[in-house]
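Undergrad: Let me give you the structure first, and then I'll get to my questions.
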Amino acid sequence: MRKFFITVAAALTLAATGCRKSADIKSDARTPNIIVILADDLGFGDVSFYGSKTISTPNIDSLARGGACFTNGYASSSTSTPSRYALLTGMYPWRDDIHILPGDAPLVISPSQETLPKMMRKAGYTTGAIGKWHLGMGNGNVDWNDTIRPGAREVGFDYSCIIAATNDRVPTVFVRDGSVVGLEKDDPIYVNYDENFEGEPTALTNPEMLRMQWAHGHQNSIVNGISRIGYMKGGTAARWVDEDMADYFAGEVKKFLAENRDRPFFLYYGLHEPHVPRAPHSRFAGTTGLGPRGDAIAEADWCVGELMNELRRLDLLDNTLIIFTSDNGPVLNDGYRDQARELAEAAGHLPAGGLRGGKYSLFDGGTHIPLCIYWKGKIEPVVSDALVCQMDLFASLADLVGGEISDTLDSRAMLPTFLGKDLTGRGELVIENQGKLGLRAGDYAYLPPYTGPATNLTGNELGNLGVYGLFDLAADPAQTRNLAETDTLTLHRIQEIFTRETDGFYRPFVEEVTLK
């Protein structure tokens with residue numbers, strides 16, 4: 001019980017001091033370039049440095065081995081749009097009711113909002129976003145044949161080359177600085193998420209056109225032999241080839257680095273791997289023995305290696321801080337029949353590293369993700385157990401570059417922790433899955449008694465226990481032993497923290513508690 005009171009005390013202290021500046025922390029070099037690499041659906045157990053024996057990730061491992069590697073790194077949410085929102089805005093996504101977006105959704109970050117790239121730009125950085133976006137574009141009813149505004153530029157990026165949402169959603173095109181790449185005027189693009197365009201093939205009407213079979217929710221327009229979510233017509237010359245996407249974005253990254261080598265830059269590099277549909281380049285197909293998902297992870301690792309090699313070639317590595325992480329936990333069967341689950345089970349591969357749940361889950365595997373920070377010669381190699389969240393990168397990087405931010409953000413300034421100089425992390429963190437909230441406090445995970453299905457179509461557990469959940473993650477990382485009924489004192493104290501941190505959003509759950 002003493003462990004809990006210590007961690008609660010730490011939580012209260014950090015809550016009072018976490019957003020203060022750390023102005024005394026200065027770099028002994030010029031302001032470093034900063035790169036955030038954000039993988040998509042990569043689990044804690046998908047990286048060999050974190051213990052995977054079935055997938056080799058040597059380039060990611062080199063970052064983890066040479067810098068600060070966090071064993072308690074978290075995304076704010078167990079799905080993509082909310083966690084990306086938290087990273088770029090420094091705010092909990094549930095405050096603004098942020099959920100997974102369709103491909104034609106309007107921009108969910110207000111152009112008037114504080115953002116990480118805006119802060120970096122004001123601090124003298126050139127900013128770029130390359131890869132997956134999934135934060136919406138425009139104001140609704142997007143005309144894909146004209147310049148799309150607002151978008152990445154309006155939230156702080158000087159340059160962007162992105163995909164609007166995910167690689168399983170239409171439109172399946174690249175968007176550079178608000179305009180579709182390669183679009184021909186006589187073949188305009190039309191997108192609709194409610195009904196198909198007359199005569200356009202879908203997985204239901206033309207299954208013979210498919211080279212990848214869908215399992216659930218991906219039976220709409222067919223592009224490159226793969227059926228997607230949503231309907232699309234036109235833009236034939238602009239449509240991407242899935243197998244070439246990694247090379248395309250790697251090329252964009254190299255171009256950005258070369259063009260900005262003589263000025264400080266901030267790059268947000270959103271990998272699309274291993275999100276579905278998993279269609280890695282032929283160089284990687286069949287290399288892992290774990291099917292397309294494993295091969296896509298090998299491709300993601302290659303992307304990291306290409307980035308590192310280019311930094312060396314341009315003589316930029318010594319003064320570039322690199323952050324590698326994932327937007328949420330893993331998922332195997334997320335809409336296509338690519339044998340990800342069968343092959344993982346046969347090989348004994350545990351994408352979440354033995355943690356319970358994964359993507360879409362309030363259990364720990366939903367938000368507990370790989371996170372490491374590398375800065376050659378500035379960060380000494382360390383494996384840190386500090387509780388940290390991607391959301392805190394905003395305030396922490398502001399300290400590093402002398403940026404200005406308001407004190408209204410949820411992001412906490414934890415630069416010494418991220419640099420591996422301090423092993424103290426957050427005392428508590430609110431986690432979220434599609435509007436439902438839980439809490440990590442010290443070593444404990446807390447789940448309110450949500451009702452609903454135990455799993456969704458992916459087979460991942462959602463965290464709807466129907467009763468209070470209290471788990472000691474230090475002793476029980478797989479969350480097999482619910483302590484809520486046997487340790488009501490700890491339960492009640494954590495609920496007090498939960499109520500405070502969520503501003504009473506879920507107060508009724510606290511009031512229902514009867515101590516024994």
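Chain labels follow the order of the structure tokens: the first chain is A, the next B, and so on; residue numbering restarts at 1 in every chain, and ligands are counted from 1 in their shown order.
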Please provide as a list in words all residues within 6 Å of region 389-402 of chain A, with the sequence filter that same-chain residues fewer than 3 positions apart are discarded (counting only C-alpha atoms).
TA: Ser22, Gly73, Tyr74, Ala75, Ala86, Leu87, Gly90, Leu116, Ser411, Arg412, Ala413, Met414 and Leu415 of chain A
Undergrad: Pick out the residues sitting within 10 Å of Asp186 (chain A), and hand them over as a list in words; count only C-alpha atoms, and ignore anything fewer than 2 positions along from it in its own chain.
TA: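 Surrounding residues, per the criterion: Leu183, Glu184, Pro188, Ile189, Gly234 and Gly235 of chain A.
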Undergrad: Write out as a list of chain:residue names each polymer residue whose atoms come within 9 Å of Leu362 (chain A), counting only C-alpha atoms; drop sequence neighbours fewer than 2 positions from it.
TA: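 Returned residues: A:Ser77, A:Ser78, A:Gly357, A:Gly358, A:Lys359, A:Tyr360, A:Asp364, A:Gly365, A:Gly366, A:Thr367, A:Ile431, A:Glu432, A:Asn433, A:Lys436, A:Leu437, A:Gly438, A:Leu447, A:Glu461, A:Leu462, A:Gly463, A:Asn464.
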Undergrad: Take the residues that were just selected and, keeping C-alpha atoms, output them as a PDB file, in the first residue's frame.
TA:
```pdb
ATOM      1  CA  SER A  77      -5.659   7.545 -26.905  1.00  0.00           C
ATOM      2  CA  SER A  78      -6.023   4.097 -28.380  1.00  0.00           C
ATOM      3  CA  GLY A 357      -5.829  -5.141 -25.229  1.00  0.00           C
ATOM      4  CA  GLY A 358      -4.572  -3.122 -28.178  1.00  0.00           C
ATOM      5  CA  LYS A 359      -5.965  -0.553 -30.575  1.00  0.00           C
ATOM      6  CA  TYR A 360      -9.525   0.495 -29.588  1.00  0.00           C
ATOM      7  CA  ASP A 364      -2.971  -0.944 -21.233  1.00  0.00           C
ATOM      8  CA  GLY A 365      -2.134  -2.348 -24.660  1.00  0.00           C
ATOM      9  CA  GLY A 366      -4.262   0.336 -26.289  1.00  0.00           C
ATOM     10  CA  THR A 367      -2.083   3.302 -25.318  1.00  0.00           C
ATOM     11  CA  ILE A 431      -6.197   7.612 -21.260  1.00  0.00           C
ATOM     12  CA  GLU A 432      -9.038   7.479 -23.756  1.00  0.00           C
ATOM     13  CA  ASN A 433     -10.793   5.161 -26.167  1.00  0.00           C
ATOM     14  CA  LYS A 436     -14.422   6.569 -22.706  1.00  0.00           C
ATOM     15  CA  LEU A 437     -11.759   7.518 -20.174  1.00  0.00           C
ATOM     16  CA  GLY A 438      -9.480   5.625 -17.841  1.00  0.00           C
ATOM     17  CA  LEU A 447     -11.184   1.725 -15.567  1.00  0.00           C
ATOM     18  CA  GLU A 461     -10.820  -6.155 -25.999  1.00  0.00           C
ATOM     19  CA  LEU A 462     -12.368  -2.719 -25.466  1.00  0.00           C
ATOM     20  CA  GLY A 463     -12.193  -2.401 -21.686  1.00  0.00           C
ATOM     21  CA  ASN A 464     -15.944  -2.591 -21.021  1.00  0.00           C
TER      22      ASN A 464
END
```
Undergrad: Apply DSSP to the structure's backbone, then extract all residues of region 198-228 of chain A labelled strand (DSSP E or B) and return them as a PyMOL selection string.
TA: chain A and resi 202+212+214+221-223+226-227
Undergrad: Select, from A:Phe418, A:Phe498, A:Tyr92, A:Trp375, the residue with the minimum atom-to-atom distance to Leu439 (chain A), counting only C-alpha atoms.
TA: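 Checking each of A:Phe418, A:Phe498, A:Tyr92, A:Trp375 against Leu439 (chain A), counting only C-alpha atoms, the winner is A:Phe498.
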Undergrad: Residues of region 287-516 of chain A classed as helix (DSSP H, G or I) by DSSP on the backbone are to be reported as a PyMOL selection string.
TA: chain A and resi 291-313+317-319+340-347+364-366+390-401+415-418+488-501+507-511
Undergrad: Convert the current residue selection to file output with C-alpha atoms, as a PDB file, in the first residue's frame.
TA:
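Wrote result-v1.pdb, looks like this:
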```pdb
ATOM      1  CA  GLY A 291       2.788 -12.122 -43.517  1.00  0.00           C
ATOM      2  CA  PRO A 292       2.004  -8.603 -44.751  1.00  0.00           C
ATOM      3  CA  ARG A 293       1.813  -7.132 -41.242  1.00  0.00           C
ATOM      4  CA  GLY A 294       5.258  -8.335 -40.252  1.00  0.00           C
ATOM      5  CA  ASP A 295       6.653  -7.300 -43.624  1.00  0.00           C
ATOM      6  CA  ALA A 296       5.088  -3.839 -43.240  1.00  0.00           C
ATOM      7  CA  ILE A 297       6.899  -3.456 -39.908  1.00  0.00           C
ATOM      8  CA  ALA A 298      10.163  -4.379 -41.649  1.00  0.00           C
ATOM      9  CA  GLU A 299       9.349  -1.696 -44.220  1.00  0.00           C
ATOM     10  CA  ALA A 300       8.725   0.870 -41.463  1.00  0.00           C
ATOM     11  CA  ASP A 301      12.102   0.005 -39.963  1.00  0.00           C
ATOM     12  CA  TRP A 302      13.676   0.541 -43.403  1.00  0.00           C
ATOM     13  CA  CYS A 303      12.073   3.999 -43.522  1.00  0.00           C
ATOM     14  CA  VAL A 304      13.798   4.858 -40.244  1.00  0.00           C
ATOM     15  CA  GLY A 305      17.092   3.596 -41.649  1.00  0.00           C
ATOM     16  CA  GLU A 306      16.709   5.670 -44.823  1.00  0.00           C
ATOM     17  CA  LEU A 307      16.100   8.768 -42.708  1.00  0.00           C
ATOM     18  CA  MET A 308      19.163   8.092 -40.558  1.00  0.00           C
ATOM     19  CA  ASN A 309      21.369   7.465 -43.596  1.00  0.00           C
ATOM     20  CA  GLU A 310      20.263  10.726 -45.179  1.00  0.00           C
ATOM     21  CA  LEU A 311      20.974  12.655 -41.982  1.00  0.00           C
ATOM     22  CA  ARG A 312      24.476  11.190 -41.990  1.00  0.00           C
ATOM     23  CA  ARG A 313      24.976  11.978 -45.672  1.00  0.00           C
ATOM     24  CA  LEU A 317      22.844  13.641 -37.500  1.00  0.00           C
ATOM     25  CA  ASP A 318      24.947  15.175 -34.730  1.00  0.00           C
ATOM     26  CA  ASN A 319      22.530  18.042 -34.288  1.00  0.00           C
ATOM     27  CA  ALA A 340      -2.005 -11.430 -39.465  1.00  0.00           C
ATOM     28  CA  ARG A 341      -3.609 -13.127 -36.466  1.00  0.00           C
ATOM     29  CA  GLU A 342      -3.010 -16.704 -37.617  1.00  0.00           C
ATOM     30  CA  LEU A 343       0.651 -16.112 -38.463  1.00  0.00           C
ATOM     31  CA  ALA A 344       1.322 -14.173 -35.262  1.00  0.00           C
ATOM     32  CA  GLU A 345      -0.206 -16.919 -33.138  1.00  0.00           C
ATOM     33  CA  ALA A 346       1.749 -19.616 -34.983  1.00  0.00           C
ATOM     34  CA  ALA A 347       5.015 -17.741 -34.432  1.00  0.00           C
ATOM     35  CA  ASP A 364      -2.971  -0.944 -21.233  1.00  0.00           C
ATOM     36  CA  GLY A 365      -2.134  -2.348 -24.660  1.00  0.00           C
ATOM     37  CA  GLY A 366      -4.262   0.336 -26.289  1.00  0.00           C
ATOM     38  CA  GLN A 390       3.488  12.007 -26.381  1.00  0.00           C
ATOM     39  CA  MET A 391       1.238  14.935 -25.455  1.00  0.00           C
ATOM     40  CA  ASP A 392       4.045  16.250 -23.230  1.00  0.00           C
ATOM     41  CA  LEU A 393       6.415  16.668 -26.162  1.00  0.00           C
ATOM     42  CA  PHE A 394       4.790  20.034 -26.944  1.00  0.00           C
ATOM     43  CA  ALA A 395       5.689  21.735 -23.659  1.00  0.00           C
ATOM     44  CA  SER A 396       8.990  19.896 -23.362  1.00  0.00           C
ATOM     45  CA  LEU A 397      10.224  20.868 -26.813  1.00  0.00           C
ATOM     46  CA  ALA A 398       9.142  24.443 -26.118  1.00  0.00           C
ATOM     47  CA  ASP A 399      11.594  24.415 -23.219  1.00  0.00           C
ATOM     48  CA  LEU A 400      14.328  23.057 -25.458  1.00  0.00           C
ATOM     49  CA  VAL A 401      13.974  25.677 -28.191  1.00  0.00           C
ATOM     50  CA  LEU A 415      12.354  17.971 -20.836  1.00  0.00           C
ATOM     51  CA  PRO A 416      14.856  16.476 -18.319  1.00  0.00           C
ATOM     52  CA  THR A 417      12.828  13.260 -18.352  1.00  0.00           C
ATOM     53  CA  PHE A 418      12.663  13.075 -22.149  1.00  0.00           C
ATOM     54  CA  THR A 488     -11.341  -0.271  -2.104  1.00  0.00           C
ATOM     55  CA  LEU A 489      -9.185   2.297  -0.308  1.00  0.00           C
ATOM     56  CA  THR A 490      -6.790   2.496  -3.254  1.00  0.00           C
ATOM     57  CA  LEU A 491      -9.731   2.465  -5.646  1.00  0.00           C
ATOM     58  CA  HIS A 492     -11.338   5.423  -3.909  1.00  0.00           C
ATOM     59  CA  ARG A 493      -8.133   7.458  -3.821  1.00  0.00           C
ATOM     60  CA  ILE A 494      -7.449   6.860  -7.510  1.00  0.00           C
ATOM     61  CA  GLN A 495     -11.025   7.860  -8.312  1.00  0.00           C
ATOM     62  CA  GLU A 496     -10.359  11.168  -6.576  1.00  0.00           C
ATOM     63  CA  ILE A 497      -7.420  11.732  -8.907  1.00  0.00           C
ATOM     64  CA  PHE A 498      -9.516  10.638 -11.880  1.00  0.00           C
ATOM     65  CA  THR A 499     -12.279  13.108 -10.999  1.00  0.00           C
ATOM     66  CA  ARG A 500      -9.780  15.931 -10.591  1.00  0.00           C
ATOM     67  CA  GLU A 501      -7.944  15.176 -13.831  1.00  0.00           C
ATOM     68  CA  ARG A 507     -18.082  12.061 -11.514  1.00  0.00           C
ATOM     69  CA  PRO A 508     -21.130   9.705 -11.305  1.00  0.00           C
ATOM     70  CA  PHE A 509     -18.790   6.722 -11.331  1.00  0.00           C
ATOM     71  CA  VAL A 510     -16.964   8.110  -8.285  1.00  0.00           C
ATOM     72  CA  GLU A 511     -20.160   8.778  -6.350  1.00  0.00           C
TER      73      GLU A 511
END
```
Undergrad: Excluding same-chain residues fewer than 4 positions from Leu423 (chain A), what lies within 10 Å of it counting only C-alpha atoms, as a ChimeraX atom specification?
TA: /A:70,382-387,416-419
Undergrad: Tell me which protein, DNA and RNA residues are within 8 Å of Tyr193 (chain A), counting only C-alpha atoms, leaving out same-chain ones fewer than 2 positions away, and put them as a PDB file with N, CA and C atoms, in the first residue's frame.
TA:
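Saved as part_2.pdb:
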```
ATOM      1  N   PRO A 102     -13.481  10.187 -40.841  1.00  0.00           N
ATOM      2  CA  PRO A 102     -13.526   9.678 -42.214  1.00  0.00           C
ATOM      3  C   PRO A 102     -12.568  10.479 -43.084  1.00  0.00           C
ATOM      4  N   ASP A 104     -13.067  12.412 -45.602  1.00  0.00           N
ATOM      5  CA  ASP A 104     -13.506  13.715 -46.103  1.00  0.00           C
ATOM      6  C   ASP A 104     -13.895  14.657 -44.971  1.00  0.00           C
ATOM      7  N   VAL A 191     -15.587  12.383 -54.040  1.00  0.00           N
ATOM      8  CA  VAL A 191     -15.566  11.514 -52.863  1.00  0.00           C
ATOM      9  C   VAL A 191     -16.905  11.598 -52.145  1.00  0.00           C
ATOM     10  N   GLU A 195     -22.836   7.275 -50.298  1.00  0.00           N
ATOM     11  CA  GLU A 195     -23.331   6.448 -51.392  1.00  0.00           C
ATOM     12  C   GLU A 195     -22.331   6.423 -52.536  1.00  0.00           C
ATOM     13  N   ASN A 196     -22.388   5.338 -53.295  1.00  0.00           N
ATOM     14  CA  ASN A 196     -21.456   5.131 -54.395  1.00  0.00           C
ATOM     15  C   ASN A 196     -21.858   5.974 -55.610  1.00  0.00           C
ATOM     16  N   ILE A 229     -12.642   2.054 -47.458  1.00  0.00           N
ATOM     17  CA  ILE A 229     -13.779   2.670 -46.778  1.00  0.00           C
ATOM     18  C   ILE A 229     -14.128   3.942 -47.546  1.00  0.00           C
ATOM     19  N   GLY A 230     -15.389   4.082 -47.953  1.00  0.00           N
ATOM     20  CA  GLY A 230     -15.814   5.255 -48.697  1.00  0.00           C
ATOM     21  C   GLY A 230     -15.785   5.032 -50.197  1.00  0.00           C
ATOM     22  N   TYR A 231     -16.410   5.977 -50.911  1.00  0.00           N
ATOM     23  CA  TYR A 231     -16.551   5.868 -52.357  1.00  0.00           C
ATOM     24  C   TYR A 231     -15.785   6.996 -53.047  1.00  0.00           C
TER      25      TYR A 231
END
```
Undergrad: Using only C-alpha atoms, what does the table of region 153-209 of chain A residues within 12 Å of region 38-42 of chain A look like, with each row giving the shortest atom pair and its distance in Å to one decimal, sorted by chain and ascending number, as CSV?
TA:
```
residue,atom,partner,partner_atom,distance
A:Ala165,CA,A:Asp40,CA,11.6
A:Thr166,CA,A:Asp40,CA,9.3
A:Asn167,CA,A:Asp40,CA,10.5
```
Undergrad: With only C-alpha atoms as the atoms that count, which of A:Pro264, A:Pro201, A:Gly459, A:Pro381 lies nearest to Ile35 (chain A)?
TA: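 Of the candidates, the smallest distance to Ile35 (chain A) is held by A:Pro264.
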Undergrad: I want to know what sits within 10 Å of Arg95 (chain A), based on only C-alpha atoms, with residues of the same chain fewer than 3 positions away left out; could you give that as an mmCIF file with N, CA, C and O atoms, in the first residue's frame?
TA:
```cif
data_model
loop_
_atom_site.group_PDB
_atom_site.id
_atom_site.type_symbol
_atom_site.label_atom_id
_atom_site.label_comp_id
_atom_site.auth_asym_id
_atom_site.auth_seq_id
_atom_site.Cartn_x
_atom_site.Cartn_y
_atom_site.Cartn_z
ATOM 1 N N MET A 91 -3.209 18.976 -26.000
ATOM 2 C CA MET A 91 -4.469 18.920 -25.268
ATOM 3 C C MET A 91 -5.060 17.513 -25.306
ATOM 4 O O MET A 91 -4.949 16.813 -26.314
ATOM 5 N N TYR A 92 -5.695 17.124 -24.201
ATOM 6 C CA TYR A 92 -6.435 15.867 -24.212
ATOM 7 C C TYR A 92 -7.527 15.935 -25.285
ATOM 8 O O TYR A 92 -8.312 16.891 -25.321
ATOM 9 N N ILE A 98 -12.876 14.603 -29.825
ATOM 10 C CA ILE A 98 -12.196 14.195 -31.042
ATOM 11 C C ILE A 98 -12.289 12.686 -31.205
ATOM 12 O O ILE A 98 -11.947 11.935 -30.284
ATOM 13 N N GLY A 435 -13.975 8.201 -26.576
ATOM 14 C CA GLY A 435 -14.805 8.948 -25.648
ATOM 15 C C GLY A 435 -14.881 8.382 -24.248
ATOM 16 O O GLY A 435 -15.346 9.065 -23.328
ATOM 17 N N THR A 502 -10.133 14.767 -14.817
ATOM 18 C CA THR A 502 -11.129 14.823 -15.895
ATOM 19 C C THR A 502 -12.142 15.939 -15.676
ATOM 20 O O THR A 502 -13.148 15.994 -16.387
ATOM 21 N N ASP A 503 -11.880 16.794 -14.701
ATOM 22 C CA ASP A 503 -12.764 17.926 -14.434
ATOM 23 C C ASP A 503 -14.199 17.478 -14.156
ATOM 24 O O ASP A 503 -15.158 18.170 -14.505
ATOM 25 N N PHE A 505 -15.812 15.003 -15.515
ATOM 26 C CA PHE A 505 -16.519 14.449 -16.664
ATOM 27 C C PHE A 505 -17.249 13.155 -16.301
ATOM 28 O O PHE A 505 -18.314 12.873 -16.815
#
```
Undergrad: Please provide as a list of chain:residue names all residues within 8 Å of Pro111 (chain A), with the sequence filter that same-chain residues fewer than 3 positions apart are discarded (counting only C-alpha atoms).
TA: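 Within the cut-off, the hits are A:Pro150, A:Glu154, A:Val155.
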Undergrad: Give me the region 279-340 of chain A side of the contact with region 204-218 of chain A, cut-off 6 Å, one line per residue showing its nearest atom pair and distance in Å at one decimal, counting only C-alpha atoms, sorted by chain and residue number, as CSV.
TA:
```
residue,atom,partner,partner_atom,distance
A:Gly335,CA,A:His216,CA,4.8
A:Tyr336,CA,A:Trp214,CA,4.1
A:Arg337,CA,A:Gln213,CA,5.5
```
Undergrad: Could you save the residues just selected, with C-alpha atoms, as a short mmCIF file (atom, residue, chain, number, x, y, z; two decimals), in the first residue's frame?
TA:
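Wrote it out as result_8.cif, contents follow:
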```
data_model
loop_
_atom_site.label_atom_id
_atom_site.label_comp_id
_atom_site.auth_asym_id
_atom_site.auth_seq_id
_atom_site.Cartn_x
_atom_site.Cartn_y
_atom_site.Cartn_z
CA GLY A 335 -10.60 -5.20 -41.91
CA TYR A 336 -8.64 -7.40 -44.34
CA ARG A 337 -7.93 -11.12 -44.48
#
```
Undergrad: Can you tell me how far CA of Gly156 (chain A) sits from CA of Trp144 (chain A), in Å to one decimal?
TA: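 Between CA of Gly156 (chain A) and CA of Trp144 (chain A) the gap is 21.2 Å.
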